[in-house]
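**Student:** Next comes the structure file target-v1.txt, holding compact mmCIF, C-alpha atoms.
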# COMPACT_ATOMS: atom_id res chain seq x y z
CA MET E 1 -20.46 -14.31 -27.49
CA THR E 2 -22.56 -14.07 -24.31
CA ALA E 3 -23.81 -10.57 -23.53
CA LYS E 4 -22.40 -9.03 -20.38
CA SER E 5 -24.72 -8.18 -17.53
CA THR E 6 -24.98 -4.54 -16.50
CA VAL E 7 -24.45 -3.25 -12.98
CA SER E 8 -25.12 0.21 -11.62
CA ALA E 9 -22.35 2.65 -10.76
CA THR E 10 -23.80 2.77 -7.23
CA ALA E 11 -23.36 -0.98 -6.88
CA VAL E 12 -19.78 -0.72 -8.14
CA ARG E 13 -19.04 2.00 -5.60
CA ARG E 14 -20.45 -0.02 -2.73
CA LEU E 15 -18.60 -3.15 -3.81
CA ALA E 16 -15.30 -1.29 -3.91
CA ILE E 17 -15.78 0.21 -0.45
CA ALA E 18 -17.15 -2.95 1.17
CA ALA E 19 -14.18 -4.99 -0.07
CA GLN E 20 -11.81 -2.80 1.94
CA GLY E 21 -13.25 -3.98 5.24
CA TYR E 22 -13.10 -0.66 7.08
CA GLY E 23 -13.97 -0.81 10.76
CA SER E 24 -16.65 1.30 12.39
CA ARG E 25 -15.28 1.59 15.93
CA TYR E 26 -12.08 1.58 17.93
CA ARG E 27 -10.75 -1.85 18.85
CA ARG E 28 -7.46 -3.59 19.54
CA ALA E 29 -6.06 -6.14 17.11
CA ARG E 30 -3.52 -8.93 17.41
CA PRO E 31 -0.50 -9.51 15.12
CA ALA E 32 -2.32 -12.41 13.49
CA GLU E 33 -5.01 -9.96 12.38
CA VAL E 34 -2.34 -7.71 10.85
CA GLU E 35 -1.08 -10.64 8.78
CA ALA E 36 -4.63 -11.58 7.77
CA ALA E 37 -5.40 -8.00 6.73
CA ILE E 38 -2.28 -7.80 4.55
CA ARG E 39 -3.28 -11.07 2.91
CA ARG E 40 -6.85 -9.88 2.37
CA LEU E 41 -5.66 -6.59 0.84
CA SER E 42 -2.94 -8.40 -1.20
CA CYS E 43 -0.43 -5.63 -0.37
CA VAL E 44 -0.22 -2.51 1.79
CA GLN E 45 1.79 0.50 0.68
CA LEU E 46 4.62 1.89 2.81
CA ASP E 47 5.55 5.54 3.00
CA SER E 48 8.09 7.38 5.12
CA ILE E 49 6.04 10.51 5.90
CA SER E 50 5.02 10.62 9.56
CA THR E 51 3.30 14.02 9.80
CA VAL E 52 0.21 12.22 11.09
CA GLU E 53 1.32 8.56 11.22
CA ARG E 54 2.99 6.12 8.82
CA SER E 55 0.65 5.30 5.95
CA ASP E 56 0.66 1.54 6.48
CA ARG E 57 -0.39 1.96 10.10
CA ILE E 58 -3.26 4.29 9.18
CA ALA E 59 -4.38 1.89 6.43
CA LEU E 60 -4.26 -1.25 8.58
CA ALA E 61 -5.74 0.37 11.70
CA SER E 62 -8.67 1.76 9.70
CA ARG E 63 -9.61 -1.84 9.02
CA ILE E 64 -8.59 -3.95 12.02
CA GLY E 65 -8.00 -1.41 14.80
CA ASP E 66 -5.05 -0.51 17.00
CA TYR E 67 -2.31 -3.14 16.85
CA PRO E 68 1.16 -3.59 18.42
CA ARG E 69 3.70 -1.24 16.88
CA ASP E 70 6.23 -4.00 16.35
CA ALA E 71 3.74 -6.30 14.61
CA VAL E 72 4.84 -5.61 11.01
CA SER E 73 8.54 -5.91 11.95
CA HIS E 74 7.84 -9.17 13.76
CA LEU E 75 5.95 -10.55 10.76
CA LEU E 76 8.82 -9.58 8.44
CA ARG E 77 11.41 -11.08 10.75
CA SER E 78 9.49 -14.33 11.14
CA GLY E 79 8.94 -14.79 7.40
CA ARG E 80 5.16 -14.30 7.51
CA ILE E 81 5.17 -11.32 5.13
CA PHE E 82 7.80 -9.70 2.91
CA GLU E 83 8.54 -6.27 1.51
CA TYR E 84 8.92 -5.56 -2.18
CA TRP E 85 7.66 -3.43 -5.07
CA ALA E 86 3.96 -4.01 -5.75
CA HIS E 87 1.81 -0.91 -6.22
CA GLU E 88 4.79 0.89 -4.68
CA ALA E 89 7.03 -0.41 -1.90
CA CYS E 90 4.59 -2.64 -0.02
CA VAL E 91 4.31 -5.45 2.47
CA LEU E 92 2.84 -8.62 0.98
CA PRO E 93 1.86 -12.13 2.15
CA ILE E 94 4.83 -14.48 2.08
CA GLU E 95 3.25 -17.02 -0.28
CA ASP E 96 3.35 -14.43 -3.07
CA TRP E 97 7.17 -14.25 -3.10
CA PRO E 98 7.45 -16.41 -6.27
CA LEU E 99 5.18 -13.99 -8.16
CA PHE E 100 7.82 -11.28 -7.76
CA ARG E 101 10.97 -13.28 -8.51
CA PRO E 102 10.82 -12.38 -12.23
CA ALA E 103 10.92 -8.70 -11.24
CA MET E 104 13.84 -9.42 -8.92
CA ARG E 105 15.78 -11.04 -11.72
CA ASN E 106 15.16 -7.92 -13.78
CA GLY E 107 16.36 -5.63 -11.00
CA GLY E 108 13.03 -4.37 -9.72
CA ARG E 109 11.88 -0.86 -10.60
CA ARG E 110 14.81 1.31 -9.66
CA TRP E 111 18.14 1.90 -11.32
CA TYR E 112 20.95 2.60 -8.88
CA GLY E 113 23.49 4.06 -11.24
CA ASP E 114 26.80 2.47 -12.07
CA VAL E 115 27.58 1.42 -8.52
CA GLU E 116 28.30 -2.16 -9.61
CA ARG E 117 30.89 -0.89 -12.09
CA THR E 118 32.36 1.85 -9.92
CA HIS E 119 32.48 -0.26 -6.73
CA PRO E 120 32.72 -3.83 -8.04
CA HIS E 121 33.57 -5.46 -4.69
CA LEU E 122 31.01 -3.63 -2.58
CA ALA E 123 28.15 -6.08 -3.07
CA GLU E 124 30.13 -9.08 -1.85
CA GLU E 125 31.57 -7.05 1.04
CA ILE E 126 28.08 -6.09 2.16
CA LEU E 127 26.77 -9.64 1.80
CA THR E 128 29.72 -10.94 3.83
CA GLU E 129 29.24 -8.32 6.55
CA ILE E 130 25.53 -9.07 6.87
CA GLY E 131 26.23 -12.80 6.72
CA GLU E 132 28.60 -12.54 9.66
CA ARG E 133 26.79 -9.95 11.78
CA GLY E 134 23.12 -10.55 11.04
CA PRO E 135 20.48 -7.98 10.03
CA LEU E 136 21.95 -4.50 9.57
CA PRO E 137 20.55 -1.06 8.72
CA SER E 138 22.05 1.06 5.95
CA ARG E 139 23.57 3.45 8.49
CA HIS E 140 25.89 0.66 9.59
CA PHE E 141 27.86 0.99 6.37
CA GLU E 142 30.41 3.68 5.75
CA GLY E 143 30.08 5.88 2.69
CA ALA E 144 30.20 9.45 1.51
CA THR E 145 27.60 11.26 -0.51
CA GLY E 146 28.34 13.92 -3.08
CA GLY E 147 25.22 15.85 -2.06
CA GLY E 148 21.77 16.03 -3.57
CA MET E 149 18.63 14.11 -2.71
CA TRP E 150 19.22 11.33 -5.24
CA ASN E 151 23.00 11.06 -5.04
CA TRP E 152 23.03 8.21 -2.54
CA LYS E 153 26.27 6.94 -1.07
CA PRO E 154 27.54 3.77 -2.76
CA ALA E 155 26.73 1.45 0.13
CA LYS E 156 23.12 2.64 0.28
CA ALA E 157 22.71 2.22 -3.46
CA THR E 158 24.24 -1.25 -3.31
CA LEU E 159 21.99 -2.33 -0.43
CA GLU E 160 18.94 -1.21 -2.37
CA ARG E 161 20.18 -2.93 -5.50
CA LEU E 162 20.74 -6.20 -3.64
CA TRP E 163 17.23 -5.95 -2.20
CA ASN E 164 15.77 -5.21 -5.64
CA HIS E 165 17.50 -8.32 -7.00
CA GLY E 166 16.24 -10.47 -4.12
CA ARG E 167 19.69 -11.23 -2.71
CA LEU E 168 18.78 -9.35 0.47
CA ALA E 169 15.39 -9.23 2.17
CA VAL E 170 13.93 -6.84 4.73
CA ALA E 171 14.06 -8.50 8.15
CA GLY E 172 12.20 -5.79 10.04
CA ARG E 173 12.64 -2.10 10.73
CA GLN E 174 14.25 0.15 13.30
CA GLY E 175 11.88 3.10 13.33
CA PHE E 176 11.27 3.28 9.61
CA GLN E 177 14.77 2.22 8.55
CA ARG E 178 14.99 -1.17 6.90
CA LEU E 179 17.01 -3.97 8.44
CA TYR E 180 18.61 -6.01 5.67
CA ASP E 181 19.47 -9.70 5.97
CA LEU E 182 20.36 -12.53 3.62
CA THR E 183 17.24 -13.65 1.82
CA GLU E 184 17.68 -17.29 2.80
CA ARG E 185 17.58 -16.28 6.48
CA VAL E 186 14.35 -14.31 6.13
CA ILE E 187 12.20 -16.04 3.52
CA PRO E 188 11.21 -19.59 4.59
CA ALA E 189 12.96 -22.39 2.73
CA GLU E 190 9.67 -23.89 1.60
CA VAL E 191 8.72 -20.58 -0.03
CA LEU E 192 12.11 -20.19 -1.72
CA ALA E 193 11.70 -23.72 -3.09
CA LEU E 194 8.40 -22.92 -4.80
CA PRO E 195 8.73 -22.81 -8.60
CA ASP E 196 8.34 -19.58 -10.52
CA PRO E 197 5.02 -19.54 -12.38
CA ALA E 198 5.15 -19.09 -16.13
CA GLU E 199 4.30 -15.52 -17.15
CA PRO E 200 0.69 -16.24 -18.25
CA GLU E 201 0.01 -17.98 -14.95
CA ARG E 202 1.75 -15.22 -12.98
CA LEU E 203 -0.46 -12.57 -14.59
CA ARG E 204 -3.52 -14.72 -14.01
CA ARG E 205 -2.74 -15.01 -10.29
CA LEU E 206 -1.98 -11.32 -9.95
CA ALA E 207 -5.22 -10.35 -11.70
CA LEU E 208 -7.27 -12.66 -9.48
CA ARG E 209 -5.56 -11.38 -6.32
CA ALA E 210 -6.20 -7.76 -7.28
CA VAL E 211 -9.92 -8.31 -7.95
CA ARG E 212 -10.32 -10.36 -4.77
CA ALA E 213 -8.62 -7.61 -2.75
CA ARG E 214 -10.44 -4.67 -4.30
CA GLY E 215 -13.88 -6.18 -4.90
CA VAL E 216 -14.30 -4.67 -8.35
CA LEU E 217 -11.73 -3.37 -10.84
CA THR E 218 -11.31 -2.46 -14.48
CA ALA E 219 -8.47 -4.00 -16.48
CA ALA E 220 -6.59 -0.70 -16.09
CA GLY E 221 -7.20 -0.82 -12.34
CA ILE E 222 -5.65 -4.28 -12.12
CA VAL E 223 -2.59 -2.98 -13.93
CA GLU E 224 -2.40 -0.01 -11.56
CA HIS E 225 -2.80 -2.23 -8.51
CA TRP E 226 0.50 -3.94 -9.32
CA ARG E 227 2.01 -1.25 -11.59
CA LEU E 228 2.36 -3.84 -14.34
CA LYS E 229 4.24 -2.91 -17.48
CA GLY E 230 2.46 -2.80 -20.82
CA GLY E 231 -0.91 -1.38 -19.81
CA ALA E 232 -4.26 -3.16 -19.87
CA THR E 233 -3.20 -5.20 -22.91
CA THR E 234 -0.86 -7.08 -20.56
CA VAL E 235 -3.67 -8.59 -18.49
CA ARG E 236 -6.47 -9.02 -21.00
CA PRO E 237 -5.55 -12.65 -21.93
CA ALA E 238 -5.39 -13.55 -18.23
CA LEU E 239 -8.75 -11.88 -17.60
CA ALA E 240 -10.34 -13.64 -20.55
CA GLY E 241 -9.10 -16.96 -19.20
CA LEU E 242 -10.38 -16.24 -15.69
CA VAL E 243 -13.81 -15.32 -17.10
CA ARG E 244 -13.85 -18.39 -19.32
CA ASP E 245 -12.95 -20.63 -16.36
CA GLY E 246 -15.70 -19.14 -14.21
CA GLU E 247 -13.47 -17.44 -11.64
CA LEU E 248 -14.25 -13.86 -12.66
CA VAL E 249 -17.29 -12.18 -14.19
CA GLU E 250 -17.03 -9.20 -16.53
CA LEU E 251 -19.80 -6.62 -16.13
CA GLU E 252 -20.86 -3.52 -18.00
CA VAL E 253 -21.58 -0.44 -15.88
CA ASP E 254 -24.57 1.79 -16.45
CA ASP E 255 -22.38 4.91 -16.53
CA GLY E 256 -21.02 3.79 -19.90
CA GLY E 257 -17.41 3.55 -18.71
CA ALA E 258 -15.02 0.63 -19.01
CA SER E 259 -16.35 -2.76 -17.96
CA VAL E 260 -15.40 -4.14 -14.56
CA TYR E 261 -14.42 -7.52 -13.15
CA VAL E 262 -15.72 -9.14 -9.98
CA LEU E 263 -15.28 -12.57 -8.42
CA ALA E 264 -17.80 -15.14 -9.58
CA GLY E 265 -20.69 -15.33 -7.13
CA THR E 266 -20.24 -11.75 -5.88
CA GLU E 267 -23.39 -10.24 -4.36
CA LEU E 268 -23.98 -7.10 -6.41
CA ASP E 269 -26.85 -5.49 -4.52
CA LEU E 270 -25.12 -4.33 -1.34
CA ALA E 271 -26.50 -1.89 1.17
CA ALA E 272 -24.49 1.27 1.73
CA PRO E 273 -21.50 0.68 4.04
CA LYS E 274 -21.79 2.23 7.49
CA ALA E 275 -18.19 3.06 8.44
CA ALA E 276 -16.96 6.62 8.91
CA VAL E 277 -13.19 6.55 8.63
CA LEU E 278 -10.22 8.76 7.80
CA LEU E 279 -8.18 7.18 5.01
CA SER E 280 -4.45 7.26 4.46
CA PRO E 281 -3.62 9.34 1.35
CA PHE E 282 -2.02 6.11 0.07
CA ASP E 283 -4.98 3.84 0.88
CA ASN E 284 -5.67 0.94 -1.49
CA LEU E 285 -9.14 2.31 -2.31
CA LEU E 286 -7.56 5.37 -3.91
CA TRP E 287 -4.77 3.82 -5.97
CA ASP E 288 -6.65 4.03 -9.27
CA ARG E 289 -7.37 7.77 -9.40
CA PRO E 290 -9.46 7.74 -12.61
CA PHE E 291 -11.62 4.99 -11.09
CA ALA E 292 -11.95 7.00 -7.85
CA ARG E 293 -13.17 9.99 -9.88
CA ARG E 294 -15.58 7.77 -11.77
CA ILE E 295 -17.19 5.77 -8.95
CA LEU E 296 -16.59 7.98 -5.91
CA GLY E 297 -16.78 11.38 -7.59
CA PHE E 298 -13.52 12.10 -5.79
CA ASP E 299 -10.51 13.83 -7.34
CA HIS E 300 -7.71 12.54 -5.13
CA LEU E 301 -4.83 14.96 -4.64
CA ILE E 302 -1.59 14.20 -2.81
CA GLU E 303 0.06 17.56 -2.20
CA VAL E 304 2.97 16.75 0.09
CA TYR E 305 5.40 17.29 -2.79
CA LYS E 306 3.99 20.68 -3.78
CA PRO E 307 5.26 24.04 -2.48
CA ALA E 308 2.92 25.35 0.21
CA PRO E 309 1.45 28.18 -1.93
CA GLN E 310 0.36 25.66 -4.56
CA ARG E 311 -1.57 23.39 -2.19
CA GLN E 312 -5.34 23.40 -2.40
CA TYR E 313 -6.17 21.38 0.71
CA GLY E 314 -2.99 21.10 2.79
CA TYR E 315 0.21 19.13 3.35
CA TYR E 316 -0.93 15.74 4.71
CA VAL E 317 -4.62 15.37 3.96
CA LEU E 318 -6.73 12.36 4.86
CA PRO E 319 -9.93 11.79 2.86
CA PHE E 320 -12.96 11.26 5.10
CA LEU E 321 -15.13 8.35 4.01
CA ARG E 322 -18.65 8.26 5.44
CA GLY E 323 -20.88 5.45 4.26
CA ASP E 324 -20.42 5.10 0.51
CA ARG E 325 -19.10 8.62 -0.14
CA ILE E 326 -15.96 10.58 0.53
CA VAL E 327 -17.43 13.66 2.12
CA GLY E 328 -14.38 15.73 3.02
CA ARG E 329 -10.64 16.10 3.44
CA ALA E 330 -8.90 16.66 6.78
CA ASP E 331 -5.52 18.42 6.88
CA LEU E 332 -4.00 16.90 10.02
CA LYS E 333 -0.82 17.01 12.06
CA SER E 334 0.30 14.95 15.03
CA GLU E 335 1.89 17.02 17.79
CA ARG E 336 3.43 14.11 19.64
CA ALA E 337 5.19 16.09 22.37
CA GLU E 338 1.87 17.69 23.32
CA GLY E 339 -0.07 14.45 22.85
CA ARG E 340 -2.60 15.84 20.43
CA LEU E 341 -3.88 15.45 16.90
CA VAL E 342 -4.47 18.86 15.32
CA VAL E 343 -7.07 19.50 12.62
CA LYS E 344 -5.53 22.33 10.63
CA ALA E 345 -8.47 22.42 8.22
CA PHE E 346 -11.44 20.36 7.11
CA HIS E 347 -12.76 20.80 3.59
CA ARG E 348 -16.21 19.42 2.74
CA GLU E 349 -16.60 17.98 -0.74
CA ASP E 350 -18.83 19.83 -3.19
CA GLY E 351 -22.48 19.20 -2.41
CA VAL E 352 -21.83 18.03 1.17
CA ARG E 353 -23.69 20.17 3.66
CA ALA E 354 -22.49 21.03 7.14
CA SER E 355 -24.49 19.18 9.77
CA GLY E 356 -24.33 17.96 13.32
CA ALA E 357 -24.33 14.37 12.07
CA LEU E 358 -21.31 15.05 9.86
CA ASP E 359 -19.47 16.74 12.74
CA ASP E 360 -20.24 13.86 15.09
CA ALA E 361 -19.02 11.29 12.56
CA LEU E 362 -15.81 13.23 11.99
CA ASP E 363 -15.23 13.62 15.73
CA ARG E 364 -15.52 9.86 16.21
CA ALA E 365 -13.14 9.15 13.32
CA LEU E 366 -10.61 11.68 14.63
CA ALA E 367 -10.78 10.24 18.14
CA ARG E 368 -10.24 6.74 16.80
CA LEU E 369 -7.26 7.84 14.72
CA ALA E 370 -5.73 9.73 17.66
CA ARG E 371 -5.95 6.64 19.90
CA THR E 372 -4.34 4.53 17.19
CA ILE E 373 -1.44 7.00 16.97
CA GLY E 374 -1.18 7.16 20.75
CA LEU E 375 -2.39 10.74 21.22
CA ALA E 376 -4.59 11.81 24.09
CA GLU E 377 -6.64 14.58 22.50
CA VAL E 378 -7.90 16.06 19.26
CA ARG E 379 -7.83 19.80 18.65
CA ARG E 380 -10.17 21.10 15.94
Translate the structure of the given file into structure tokens.
**Tutor:**
Amino acid sequence: MTAKSTVSATAVRRLAIAAQGYGSRYRRARPAEVEAAIRRLSCVQLDSISTVERSDRIALASRIGDYPRDAVSHLLRSGRIFEYWAHEACVLPIEDWPLFRPAMRNGGRRWYGDVERTHPHLAEEILTEIGERGPLPSRHFEGATGGGMWNWKPAKATLERLWNHGRLAVAGRQGFQRLYDLTERVIPAEVLALPDPAEPERLRRLALRAVRARGVLTAAGIVEHWRLKGGATTVRPALAGLVRDGELVELEVDDGGASVYVLAGTELDLAAPKAAVLLSPFDNLLWDRPFARRILGFDHLIEVYKPAPQRQYGYYVLPFLRGDRIVGRADLKSERAEGRLVVKAFHREDGVRASGALDDALDRALARLARTIGLAEVRR
């Protein structure tokens, strides 16, 4: 067995950050750049919270700049990207549709109760209605709820179930509400005709896509990237094959932690990245929290679901990345009627000193974020 090379934890950190492609200044981007960024990242997580801005917009804009607000909807509608479960609900490049058909056949990740048994005709009624009228939001359908956050009305549950099974696809959004259409009218015929890969090949492709998108990952990080079932054991045969075939390289790390995988030919001795950027709480860089603690020294907390007295940093907190370190956390709120982005608090990470340079970098990142959201001023 060939001994693995060893790489420094600093090199791993810089690889992981550099792979994200964060921008260093405000710019405007075209829809084609949105599609290219989604493909480069492999998937971008969606989230409904809009206290600052939708997560996918923060994540994409931090890399490519300000882009048209209807770009993601247009790309969905035109069959350039699709929405499905990846890390969580994500947008993904259209060519990866076949990689997720096995999950669709198994019903995706959510169970929607006994709606198929209790309302046996509802699925066909919904499919017929959408077939005749075109893309429709869930609010179009009648239904009564019995109360409670998870006690969805039957039509909503059935829509979600049909989407999970791949019989409906997301054809865009109105605000943040999905527009559902028949899959064959959204996903291009040539993509639907692609064969399903066998499971070993599917895992191989997913592993390679994750490492390409993230720059450097452990086996556990690859699993977390896609939320694969079965833990790291699931992907180890695929990883061994990719290493054997010369597509990936497995490296030891000088911190003594789990080995990491990089693309063959990856330059390991990178200079520190230069960007100073506020990250979405759901940014791809932060998906593997143990890895973030290990290589970034950053204990990522998402506290939107905690009662206010239990929060340490705030409700909607954006980590502030400067160079190759996360140096602070900004508790932010968009006051859209007043046209301003409000900094409710900024918490420096342990060991980070207050300085004029830090303040200047944060001011620039805040101004860039505010322009992306469409706000005229920042109030600190």
**Student:** Choose the residue, out of E:Arg325, E:Gly257, E:Ala330, E:Val342, that has the smallest atom-to-atom separation from Ser8 in chain E; count all atoms listed in the file.
**Tutor:**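 Nearest candidate to Ser8 in chain E out of E:Arg325, E:Gly257, E:Ala330, E:Val342: E:Gly257.
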**Student:** Counting all atoms listed in the file, which residue out of E:Lys4, E:Arg311, E:His140, E:Arg39 sits closest to Glu95 in chain E?
**Tutor:** E:Arg39
**Student:** Rank nothing, just name the residue among E:Leu318, E:Val262, E:Ala272, E:Leu15 nearest to Ile222 in chain E, using only C-alpha atoms.
**Tutor:**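 Residue with the minimum atom-to-atom distance to Ile222 in chain E: E:Val262.
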**Student:** Of the residues E:Arg77, E:Gly107, E:Ala123, E:His87, which is the one nearest to Pro135 in chain E, using only C-alpha atoms?
**Tutor:**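 With only C-alpha atoms as the atom set, the closest residue is E:Arg77.
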**Student:** Identify which of the residues E:Leu366, E:Val260, E:Leu182, E:Leu75 lies closest to Leu217 in chain E, counting all atoms listed in the file when measuring atom-to-atom distances.
**Tutor:**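 Ranked by minimum distance to Leu217 in chain E, first place goes to E:Val260.
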**Student:** In terms of the shortest atom-to-atom distance over all atoms listed in the file, which of E:Tyr305, E:Trp226, E:Phe298, E:Phe320 is closest to Ser62 in chain E?
**Tutor:**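 So, comparing all the options, the nearest one is E:Phe320.
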**Student:** Please compute the CA of Leu136 in chain E-CA of Lys156 in chain E distance, one decimal, in Å.
**Tutor:** 11.8 Å
**Student:** Just how far from CA of Gly339 in chain E is CA of Glu377 in chain E, in Å to one decimal?
**Tutor:** 6.6 Å
**Student:** Can you work out the spacing between CA of Asp283 in chain E and CA of Ala157 in chain E in Å, to one decimal?
**Tutor:**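 CA of Asp283 in chain E sits 28.1 Å away from CA of Ala157 in chain E.
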**Student:** Near Ala365 in chain E, counting only C-alpha atoms, which residues have an atom at most 8 Å away, once you skip same-chain residues fewer than 2 positions from it, shown as a ChimeraX atom specification?
**Tutor:** /E:276-278,361-363,367-369
**Student:** Now that the selection is made, can you save its residues with C-alpha atoms as a JSON list (two decimals), keeping the file's coordinate frame?
**Tutor:**
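What ended up in result-v5.json:
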[["chain", "number", "residue", "atom", "x", "y", "z"],
["E", 276, "ALA", "CA", -16.96, 6.62, 8.91],
["E", 277, "VAL", "CA", -13.19, 6.55, 8.63],
["E", 278, "LEU", "CA", -10.22, 8.76, 7.80],
["E", 361, "ALA", "CA", -19.02, 11.29, 12.56],
["E", 362, "LEU", "CA", -15.81, 13.23, 11.99],
["E", 363, "ASP", "CA", -15.23, 13.62, 15.73],
["E", 367, "ALA", "CA", -10.78, 10.24, 18.14],
["E", 368, "ARG", "CA", -10.24, 6.74, 16.80],
["E", 369, "LEU", "CA", -7.26, 7.84, 14.72]]
**Student:** Kindly assemble as a Markdown table a list of the range 83-177 of chain E residues that lie within 7 Å of range 184-196 of chain E, each paired with its nearest atom pair and their distance in Å to one decimal, using all atoms listed in the file, sorted first by chain and then by ascending residue number.
**Tutor:**
| residue | atom | partner | partner_atom | distance |
| --- | --- | --- | --- | --- |
| E:Glu95 | CA | E:Val191 | CA | 6.5 |
| E:Pro98 | CA | E:Asp196 | CA | 5.4 |
| E:Leu99 | CA | E:Asp196 | CA | 6.8 |
| E:Ala169 | CA | E:Val186 | CA | 6.5 |
| E:Ala171 | CA | E:Val186 | CA | 6.2 |
